[in-house]
Structures are given as C-alpha cells and as structure tokens.
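Q: Next up is a structure, given as structure tokens.
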Amino acid sequence: MQDEPTPSELIKAVADFLRNDIAPTIGGHNAFKLRVAINALDLVTRQLMLESGSDAAEVERLSQLLGRQGSLEGLNRVLAGKIASGEADLQTSGLVEHLWQTTMDKLAVDQPNYAAYRRELERK
C-alpha cells in the first residue's frame, strides 16, 4: 500500500491547479487545449474512483445473465456472441436491465453532466 496522496488525489490536485490557477491566464487555442487536458484528468480521476466497483457489478450481472463465471472481457464476448446469433435479445430476462445499468455506469465516468444521465439519476 502506498502512502497518501492517492493517485486520484494527485490527479485531482493537478486538474484543480490547471483549472483554477493556469486556465484564467491563458487565451485562444491554448485555452481550448488546456480545457481538453483538464477534462481528460477529470475523466481519469472518475475512472480510478468508480471503475473497480462498476466492473465488479457488471461481472456479477453478466455471470447471472449467462449462468457462468469469467472475466469481464470474456463474459462480454459471450454475451455479444449470443446477441449476434439471436440467442439473446431484448426479451431475454435481465438483458435490458443489464445493458441499462452498464450504460449508466459508463456515463458516470464518461459524461456525468450529460443532461439525460442527470435526469435518469433524479428519477431513481
């Protein structure tokens, strides 16, 4: 185990420094490039914080859906094959729920401010 600060904390500190101290002093195309870099750091921070939990939940859902154990990549490959062959479709018990939750988990990392994502969170 490493001492603090954690990788997430370090990345967040750099992003905050760039956002609060550097960004206000830069204009033009460099300001755009800096904004892209800050967004990338924010995305990596969210991945580090959320990915292991959402991946574990996805493996659990896939294992129940497919009736077998395996890696996340392997289980997704099996599910994709079943969908491609017509063996699984939107009528398959649990599939819609799995796909919806997987999408929501991905949006939590990728686009947490996406309006439709925020509305769906409020509905729950």
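Residues are referred to by chain and number: the chain letter is A, B, ... according to the order shown in the structure tokens, the number counts from 1 in that chain, and ligands are numbered separately from 1 in the order shown.
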Find the spatial neighbours of stretch 33-36 of chain A, counting only C-alpha atoms, within a cut-off of 8 Å - ignore same-chain residues fewer than 6 positions away - and output them as a ChimeraX atom specification.
A: /A:18-19,23
Q: With the cut-off set at 12 Å and counting only C-alpha atoms, tabulate each residue of stretch 44-75 of chain A with an atom at most that distance from an atom of stretch 107-114 of chain A, showing the nearest atom pair and its distance in Å to one decimal, ordered by chain and increasing number, as a Markdown table.
A:
```
| residue | atom | partner | partner_atom | distance |
| --- | --- | --- | --- | --- |
| A:Val44 | CA | A:Val109 | CA | 8.3 |
| A:Thr45 | CA | A:Val109 | CA | 8.7 |
| A:Arg46 | CA | A:Val109 | CA | 5.3 |
| A:Gln47 | CA | A:Val109 | CA | 5.8 |
| A:Leu48 | CA | A:Val109 | CA | 9.3 |
| A:Met49 | CA | A:Val109 | CA | 8.9 |
| A:Leu50 | CA | A:Val109 | CA | 7.1 |
| A:Glu51 | CA | A:Val109 | CA | 7.9 |
| A:Ser52 | CA | A:Val109 | CA | 11.6 |
| A:Gly53 | CA | A:Val109 | CA | 11.7 |
| A:Ser54 | CA | A:Ala108 | CA | 9.7 |
| A:Asp55 | CA | A:Val109 | CA | 11.9 |
```
Q: Go ahead and write the selection's residues with N, CA and C atoms as a tab-separated table (two decimals), in the first residue's frame.
A:
```
chain	number	residue	atom	x	y	z
A	44	VAL	N	-10.01	10.60	-15.94
A	44	VAL	CA	-9.15	9.57	-15.34
A	44	VAL	C	-9.44	9.46	-13.84
A	45	THR	N	-9.65	10.60	-13.19
A	45	THR	CA	-9.98	10.57	-11.76
A	45	THR	C	-11.26	9.78	-11.53
A	46	ARG	N	-12.29	10.04	-12.34
A	46	ARG	CA	-13.54	9.29	-12.19
A	46	ARG	C	-13.34	7.81	-12.47
A	47	GLN	N	-12.51	7.48	-13.46
A	47	GLN	CA	-12.24	6.06	-13.74
A	47	GLN	C	-11.60	5.39	-12.53
A	48	LEU	N	-10.61	6.03	-11.95
A	48	LEU	CA	-9.92	5.45	-10.80
A	48	LEU	C	-10.87	5.26	-9.62
A	49	MET	N	-11.80	6.17	-9.47
A	49	MET	CA	-12.72	6.11	-8.33
A	49	MET	C	-13.86	5.12	-8.53
A	50	LEU	N	-14.36	4.98	-9.76
A	50	LEU	CA	-15.60	4.23	-9.99
A	50	LEU	C	-15.41	2.90	-10.71
A	51	GLU	N	-14.34	2.75	-11.46
A	51	GLU	CA	-14.22	1.61	-12.36
A	51	GLU	C	-14.25	0.25	-11.67
A	52	SER	N	-13.52	0.08	-10.58
A	52	SER	CA	-13.47	-1.26	-9.97
A	52	SER	C	-14.84	-1.69	-9.47
A	53	GLY	N	-15.59	-0.77	-8.86
A	53	GLY	CA	-16.93	-1.11	-8.38
A	53	GLY	C	-17.89	-1.43	-9.50
A	54	SER	N	-17.88	-0.60	-10.55
A	54	SER	CA	-18.81	-0.84	-11.65
A	54	SER	C	-18.41	-2.09	-12.43
A	55	ASP	N	-17.11	-2.34	-12.57
A	55	ASP	CA	-16.68	-3.56	-13.26
A	55	ASP	C	-17.10	-4.81	-12.49
```
Q: When you count only C-alpha atoms, which of these residues is closest to A:Asp42: A:Glu58, A:Glu9, A:Glu73, A:Asp21?
A: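 Going through A:Glu58, A:Glu9, A:Glu73, A:Asp21 one by one, the smallest distance to A:Asp42 is for A:Glu9.
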Q: Excluding A:Arg61 and its own-chain neighbours fewer than 3 positions away, which residues fall within 10 Å of it when counting only C-alpha atoms? Please give them as a list in words.
A: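 Listed by chain and then number, they are Asp55, Ala56, Ala57, Glu58, Gln64, Leu65, Leu66, Gly67, Leu75, Gly94, Leu95, Glu97, His98, Leu99, Gln101 and Thr102 of chain A.
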Q: May I have all residues of stretch 28-93 of chain A that DSSP, computed from the backbone, assigns to alpha helix (DSSP H), given as a ChimeraX atom specification?
A: /A:28-66,72-85
Q: Atom CA of A:Leu43 and atom CA of A:Met104, how far apart in Å?
A: 15.1 Å
Q: Looking at A:Ala31, A:Leu62, A:Val78, A:Ala40, which one is nearest to A:Val96, with distances taken over only C-alpha atoms?
A: A:Leu62
Q: May I ask which of the residues A:Asp89, A:Glu120, A:Glu4, A:Asp16 is the closest one to A:Thr103, counting only C-alpha atoms?
A: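 Looking at the shortest contact to A:Thr103, the residue is A:Glu120.
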Q: State, in Å with one decimal place, the distance from atom CA of A:Ile26 to atom CA of A:Ile11.
A: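 Calculated distance between atom CA of A:Ile26 and atom CA of A:Ile11 is 20.6 Å.
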